Each structure stands twice: as structure tokens, then as C-alpha cells.
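What follows is the content of target.cif (mmCIF, C-alpha atoms).
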```cif
data_protein
#
loop_
_atom_site.label_atom_id
_atom_site.label_comp_id
_atom_site.auth_asym_id
_atom_site.auth_seq_id
_atom_site.Cartn_x
_atom_site.Cartn_y
_atom_site.Cartn_z
CA VAL A 363 -29.43 5.96 33.24
CA THR A 364 -31.63 3.34 31.56
CA GLN A 365 -31.27 5.08 28.19
CA LYS A 366 -27.50 5.15 28.54
CA VAL A 367 -27.40 1.44 29.37
CA LEU A 368 -29.64 0.60 26.42
CA LYS A 369 -27.53 2.74 24.12
CA LYS A 370 -24.37 1.02 25.33
CA MET A 371 -25.93 -2.42 24.79
CA GLU A 372 -27.08 -1.38 21.32
CA THR A 373 -23.58 -0.23 20.44
CA ARG A 374 -21.98 -3.43 21.71
CA PHE A 375 -24.50 -5.52 19.78
CA ALA A 376 -23.74 -3.54 16.62
CA GLU A 377 -20.00 -4.05 17.13
CA LEU A 378 -20.49 -7.80 17.64
CA ILE A 379 -22.59 -8.13 14.48
CA SER A 380 -20.01 -6.12 12.51
CA ARG A 381 -17.27 -8.49 13.65
CA ILE A 382 -19.19 -11.72 13.05
CA LEU A 383 -20.34 -10.59 9.60
CA HIS A 384 -17.06 -9.00 8.59
CA PRO A 385 -16.53 -9.10 4.79
CA PHE A 386 -13.33 -11.13 5.20
CA TYR A 387 -15.40 -14.05 6.51
CA MET A 388 -17.94 -14.21 3.68
CA PRO A 389 -15.97 -16.57 1.36
CA ILE A 390 -15.42 -18.98 4.26
CA TYR A 391 -19.10 -18.82 5.20
CA GLY A 392 -20.05 -19.51 1.58
CA LEU A 393 -17.77 -22.53 1.31
CA LEU A 394 -18.97 -23.91 4.65
CA ILE A 395 -22.57 -23.59 3.42
CA LEU A 396 -21.65 -25.54 0.27
CA TYR A 397 -19.85 -28.24 2.26
CA ASN A 398 -22.93 -28.71 4.43
CA SER A 399 -25.39 -28.82 1.53
CA ALA A 400 -26.62 -31.63 -0.70
CA PHE A 401 -23.37 -31.31 -2.70
CA SER A 402 -21.09 -32.12 0.22
CA THR A 403 -20.72 -35.73 -0.91
CA ILE A 404 -18.88 -34.75 -4.12
CA PHE A 405 -15.97 -33.41 -2.07
CA SER A 406 -13.47 -35.55 -0.19
CA GLY A 407 -12.40 -34.69 3.31
CA TYR A 408 -8.97 -33.71 1.99
CA GLU A 409 -10.49 -31.33 -0.58
CA LYS A 410 -12.66 -29.68 2.05
CA ILE A 411 -9.83 -29.12 4.53
CA THR A 412 -7.34 -27.98 1.88
CA SER A 413 -9.72 -25.54 0.21
CA LEU A 414 -10.84 -24.06 3.53
CA LEU A 415 -7.23 -23.63 4.65
CA ILE A 416 -6.21 -21.89 1.43
CA LEU A 417 -9.32 -19.71 1.53
CA PHE A 418 -8.53 -18.80 5.14
CA LEU A 419 -4.97 -17.83 4.22
CA PHE A 420 -5.83 -15.67 1.21
CA THR A 421 -9.13 -14.08 2.27
CA ILE A 422 -8.68 -13.70 6.03
CA LEU A 423 -5.11 -14.08 7.31
CA PHE A 424 -3.17 -12.29 4.57
CA PRO A 425 -5.63 -9.36 4.27
CA ALA A 426 -5.70 -9.03 8.08
CA LEU A 427 -1.89 -8.94 8.22
CA ILE A 428 -1.80 -6.36 5.45
CA ILE A 429 -4.26 -4.10 7.26
CA LEU A 430 -2.38 -4.60 10.54
CA ARG A 431 0.81 -3.53 8.80
CA PHE A 432 -0.85 -0.41 7.41
CA ARG A 433 -2.22 0.42 10.86
CA LYS A 434 1.19 0.08 12.49
CA LYS A 435 2.67 2.32 9.81
CA ARG A 436 -0.15 4.82 10.51
CA LYS A 437 -1.27 4.65 6.89
CA ILE A 438 -4.86 4.05 8.04
CA SER A 439 -6.75 5.59 10.97
CA ASP A 440 -8.38 2.37 12.18
CA PHE A 441 -8.70 -1.30 11.33
CA ASN A 442 -12.08 -0.77 9.64
CA ILE A 443 -10.50 1.82 7.30
CA SER A 444 -13.37 4.19 8.07
CA ASN A 445 -11.77 6.98 6.07
CA ARG A 446 -12.58 6.28 2.43
CA LYS A 447 -9.50 8.22 1.29
CA GLU A 448 -7.28 5.63 2.99
CA ARG A 449 -8.86 2.65 1.26
CA PHE A 450 -7.03 2.56 -2.06
CA ILE A 451 -3.80 0.69 -1.28
CA PRO A 452 -5.19 -1.67 1.42
CA PHE A 453 -8.20 -2.61 -0.72
CA LEU A 454 -5.95 -3.09 -3.74
CA CYS A 455 -3.84 -5.53 -1.71
CA VAL A 456 -6.98 -7.42 -0.67
CA PHE A 457 -8.08 -7.49 -4.31
CA CYS A 458 -4.75 -9.12 -5.23
CA CYS A 459 -5.20 -11.70 -2.46
CA TYR A 460 -8.57 -12.75 -3.88
CA VAL A 461 -7.21 -13.00 -7.42
CA LEU A 462 -4.23 -15.06 -6.25
CA CYS A 463 -6.55 -17.36 -4.30
CA ALA A 464 -8.64 -17.97 -7.40
CA VAL A 465 -5.48 -18.66 -9.43
CA VAL A 466 -4.29 -21.20 -6.86
CA PHE A 467 -7.65 -22.99 -6.90
CA ILE A 468 -7.76 -23.06 -10.71
CA ARG A 469 -4.12 -24.08 -11.11
CA PHE A 470 -4.30 -27.00 -8.69
CA HIS A 471 -7.95 -27.96 -9.37
CA LEU A 472 -8.74 -27.85 -5.67
CA ILE A 473 -12.41 -26.87 -6.00
CA PRO A 474 -14.98 -26.84 -8.82
CA SER A 475 -14.32 -24.09 -11.35
CA PHE A 476 -17.54 -22.22 -10.55
CA LEU A 477 -16.24 -21.47 -7.04
CA SER A 478 -13.13 -19.89 -8.50
CA VAL A 479 -15.41 -17.74 -10.67
CA PHE A 480 -17.17 -16.59 -7.50
CA LEU A 481 -13.81 -15.60 -6.00
CA LEU A 482 -13.07 -13.55 -9.10
CA GLY A 483 -16.54 -12.02 -8.78
CA SER A 484 -15.64 -11.04 -5.22
CA ALA A 485 -12.41 -9.51 -6.52
CA VAL A 486 -14.40 -7.47 -9.03
CA SER A 487 -16.67 -6.19 -6.25
CA ILE A 488 -13.56 -5.10 -4.31
CA LEU A 489 -12.29 -3.32 -7.42
CA PHE A 490 -15.57 -1.41 -7.65
CA LEU A 491 -15.29 -0.60 -3.94
CA ILE A 492 -11.90 0.95 -4.62
CA LEU A 493 -13.19 3.05 -7.52
CA ILE A 494 -16.32 4.21 -5.71
CA SER A 495 -14.34 5.09 -2.58
CA PHE A 496 -12.56 7.83 -4.51
CA VAL A 497 -15.79 9.83 -4.52
CA TRP A 498 -18.11 8.23 -1.95
CA LYS A 499 -17.97 5.99 1.11
CA ILE A 500 -19.76 2.74 0.35
CA SER A 501 -20.17 -0.10 2.87
CA ALA A 502 -17.63 -2.90 2.46
CA HIS A 503 -19.51 -4.95 5.09
CA LEU A 504 -22.72 -4.89 3.08
CA THR A 505 -20.83 -5.56 -0.14
CA GLY A 506 -19.48 -8.73 1.45
CA ILE A 507 -22.80 -10.11 2.65
CA GLY A 508 -24.48 -8.92 -0.55
CA GLY A 509 -21.99 -11.07 -2.43
CA LEU A 510 -22.90 -14.07 -0.28
CA CYS A 511 -26.60 -13.49 -1.04
CA GLY A 512 -25.83 -13.18 -4.75
CA THR A 513 -23.88 -16.43 -4.68
CA ILE A 514 -26.67 -18.32 -2.94
CA PHE A 515 -29.35 -16.90 -5.23
CA GLY A 516 -27.35 -17.56 -8.40
CA THR A 517 -26.39 -21.09 -7.37
CA CYS A 518 -30.03 -21.79 -6.57
CA LEU A 519 -31.03 -20.82 -10.11
CA TRP A 520 -28.45 -22.65 -12.18
CA LEU A 521 -28.33 -25.80 -10.03
CA ASN A 522 -32.13 -25.73 -9.74
CA ILE A 523 -32.16 -26.36 -6.00
CA ASN A 524 -34.30 -24.78 -3.32
CA THR A 525 -32.20 -22.52 -1.12
CA LEU A 526 -34.97 -19.99 -0.50
CA ASN A 527 -34.84 -20.34 3.29
CA LEU A 528 -31.09 -19.83 3.34
CA PHE A 529 -31.34 -16.87 0.97
CA VAL A 530 -34.04 -15.21 3.10
CA LEU A 531 -31.93 -15.78 6.22
CA CYS A 532 -28.90 -14.13 4.60
CA VAL A 533 -31.00 -11.15 3.46
CA LEU A 534 -32.33 -10.76 7.01
CA LEU A 535 -28.76 -10.89 8.34
CA ALA A 536 -27.83 -8.24 5.81
CA GLY A 537 -30.59 -6.06 7.24
CA VAL A 538 -29.25 -6.58 10.77
CA LEU A 539 -25.73 -5.77 9.56
CA ALA A 540 -26.95 -2.58 7.86
CA TYR A 541 -28.63 -1.57 11.12
CA ALA A 542 -25.36 -2.24 12.97
CA ARG A 543 -23.26 -0.14 10.59
CA ILE A 544 -25.74 2.74 10.78
CA THR A 545 -25.91 2.47 14.58
CA LEU A 546 -22.12 2.72 14.75
CA GLN A 547 -22.38 5.80 12.51
CA GLN A 548 -20.07 4.20 9.98
CA HIS A 549 -22.51 4.47 7.08
CA SER A 550 -25.77 5.98 5.96
CA LEU A 551 -28.74 3.92 4.78
CA ALA A 552 -27.89 4.72 1.16
CA GLN A 553 -24.30 3.55 1.62
CA THR A 554 -25.40 0.23 3.12
CA ILE A 555 -28.02 -0.43 0.43
CA SER A 556 -25.55 0.48 -2.32
CA GLY A 557 -22.94 -1.83 -0.81
CA PHE A 558 -25.39 -4.73 -0.70
CA LEU A 559 -26.49 -4.17 -4.30
CA LEU A 560 -22.87 -3.96 -5.46
CA GLY A 561 -21.90 -7.26 -3.85
CA PHE A 562 -25.10 -9.02 -4.93
CA THR A 563 -24.79 -7.85 -8.54
CA CYS A 564 -21.10 -8.77 -8.94
CA LEU A 565 -21.49 -12.27 -7.53
CA PHE A 566 -24.80 -12.98 -9.27
CA LEU A 567 -23.40 -11.85 -12.63
CA SER A 568 -20.26 -13.95 -12.11
CA ASN A 569 -22.59 -16.90 -11.62
CA LEU A 570 -24.40 -16.13 -14.88
CA PHE A 571 -21.05 -15.74 -16.64
CA PHE A 572 -20.03 -19.22 -15.52
CA VAL A 573 -23.27 -20.71 -16.84
CA TRP A 574 -22.87 -18.85 -20.12
CA ALA A 575 -19.22 -19.89 -20.48
CA LYS A 576 -20.17 -23.55 -20.02
#
```

Let's see the structure in the file written out as C-alpha cells.
Amino acid sequence: VTQKVLKKMETRFAELISRILHPFYMPIYGLLILYNSAFSTIFSGYEKITSLLILFLFTILFPALIILRFRKKRKISDFNISNRKERFIPFLCVFCCYVLCAVVFIRFHLIPSFLSVFLLGSAVSILFLILISFVWKISAHLTGIGGLCGTIFGTCLWLNINTLNLFVLCVLLAGVLAYARITLQQHSLAQTISGFLLGFTCLFLSNLFFVWAK
């Protein structure tokens, strides 16, 4: 009985972690981190609220509505799109949402240009997710948090600020998330590690591209 209770608690914990660290939330988390850092003073209250609202619409609300629509039409088996063969169209729609969000930010100069580059980097990671999913199931959850880690690490380098504690915290959270996805039998260890490396690489390289382009 005790083992069953512990197993149930472990499963519920894994489900909670998977929801809190869902890839849709990573851009919002990243922007909130920026707005609570030493650079928060360069943004007005209006800029913060507007950018967060637009980011919420394009990276959380619209993708969630798209996936809900696919679920109602029975085009996907579950909301997590566990079947890699069902990922193509939903992920492509999410990719378009990220690109459109970056275009809106660039067009109306709502946030610094390097943040729009990070959004495009996220879009690229989604594109790779789509391509890889044709042959292998890679973790979208770990790609999302890997991207957040890559953003923090890259920003730390080119702005020459110390975000080591925050970076270590995010890496530890990535480890907890990987454990959760494996516990829920959604991914193998290799799929979680690959997802993290994909997200980290895409966002870190987008950061380097911005520095180079400047």
C-alpha cells in the first residue's frame, strides 16, 4: 500500500512539474526574469505590461487554442501531443505564432531587438522539433527550458553580468523536469537530454548572432 501511495505521489509531482515548466511558459518566464533584473529600469511600466500581454497572446493563448482545436477535431491523441507523428501541423502553427510575435515586437519597437532575436531562436528550435519528430520523439518540454538556460547563459556573456546562480537554478529545474517526463513515461533519458541541448544551442546561437550582427 505504501509503495502505491508513493508511486501515486511521484506521478502527481511529475505532472505538476510538467505543467509548471510547460514549454509555452518559457518566453514569459524569461521576460519576467529580465524585468526583475538590473535592466528593469530601462523599461517603462507600459512597455512591460504591453510586451508581456503580447507574449502571452502569441506564445501561450493562441498555441493553447490551436492545440485545443486539434484535440476537439481528434487530430491529436492528447494535449501533450505524445504521439510524435501528430506533431507536424500543431507544432508548425506554434512556430508561426512565435514568428508573428517577433514580427510584432520588431515592427512596433516594443522591446529591445535582442529579445526579438531570442523569439526567432525559439521559433528555430520549434522548427527543429518538427523535423526531428518525423523520425524520433524528442522532448519539447526540455527544449523549452533548455532555451531558457541558453538565453540566460548567452545574455550573461554578452552583457558581462553575473547570472551564474540563476543559470544553475534553471539547469537544476531542467533536471527535475527531465525526471518528471521520464517518470510519466513520456520520454527516455536520451530524448530529454537531446531536447535540452537543442533548446540551449538554438537560443545561445541566436544570442551570438545578435552580438555578431551588431

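In terms of minimum interatomic distance to A:Cys564, A:Ser487 ranks closest within A:Gln547, A:Ser495, A:Asn398, A:Ser487, counting all atoms listed in the file.
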
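Of the residues listed (A:Leu528, A:Leu396, A:Leu504, A:Leu454), A:Leu504 shows the shortest atom-to-atom separation from A:Tyr541; distances use all atoms listed in the file.
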
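For the residues A:Leu423, A:Val533, A:Ile488, A:Leu430, ranking by smallest atom-to-atom distance to A:Ile555 using only C-alpha atoms places A:Val533 first.
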
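For the set A:Cys463, A:Ile411, A:Leu510, A:Ile416, the residue with the smallest atom-to-atom gap to A:Leu565 is A:Leu510, counting only C-alpha atoms.
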
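Excluding A:Thr554 itself and same-chain residues fewer than 4 positions from it, the residues having an atom within 8 Å of it are Ile500, Ser501, Leu504, Ala540, Arg543, His549, Ser550 and Phe558 of chain A, counting all atoms listed in the file.
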
Taking 2 positions as the minimum chain separation for residues in the same chain, which residues sit within 8 Å of A:Gly508 when counting all atoms listed in the file? Answer as number ranges by chain. A: 504-506, 510-512, 533, 536, 557-562
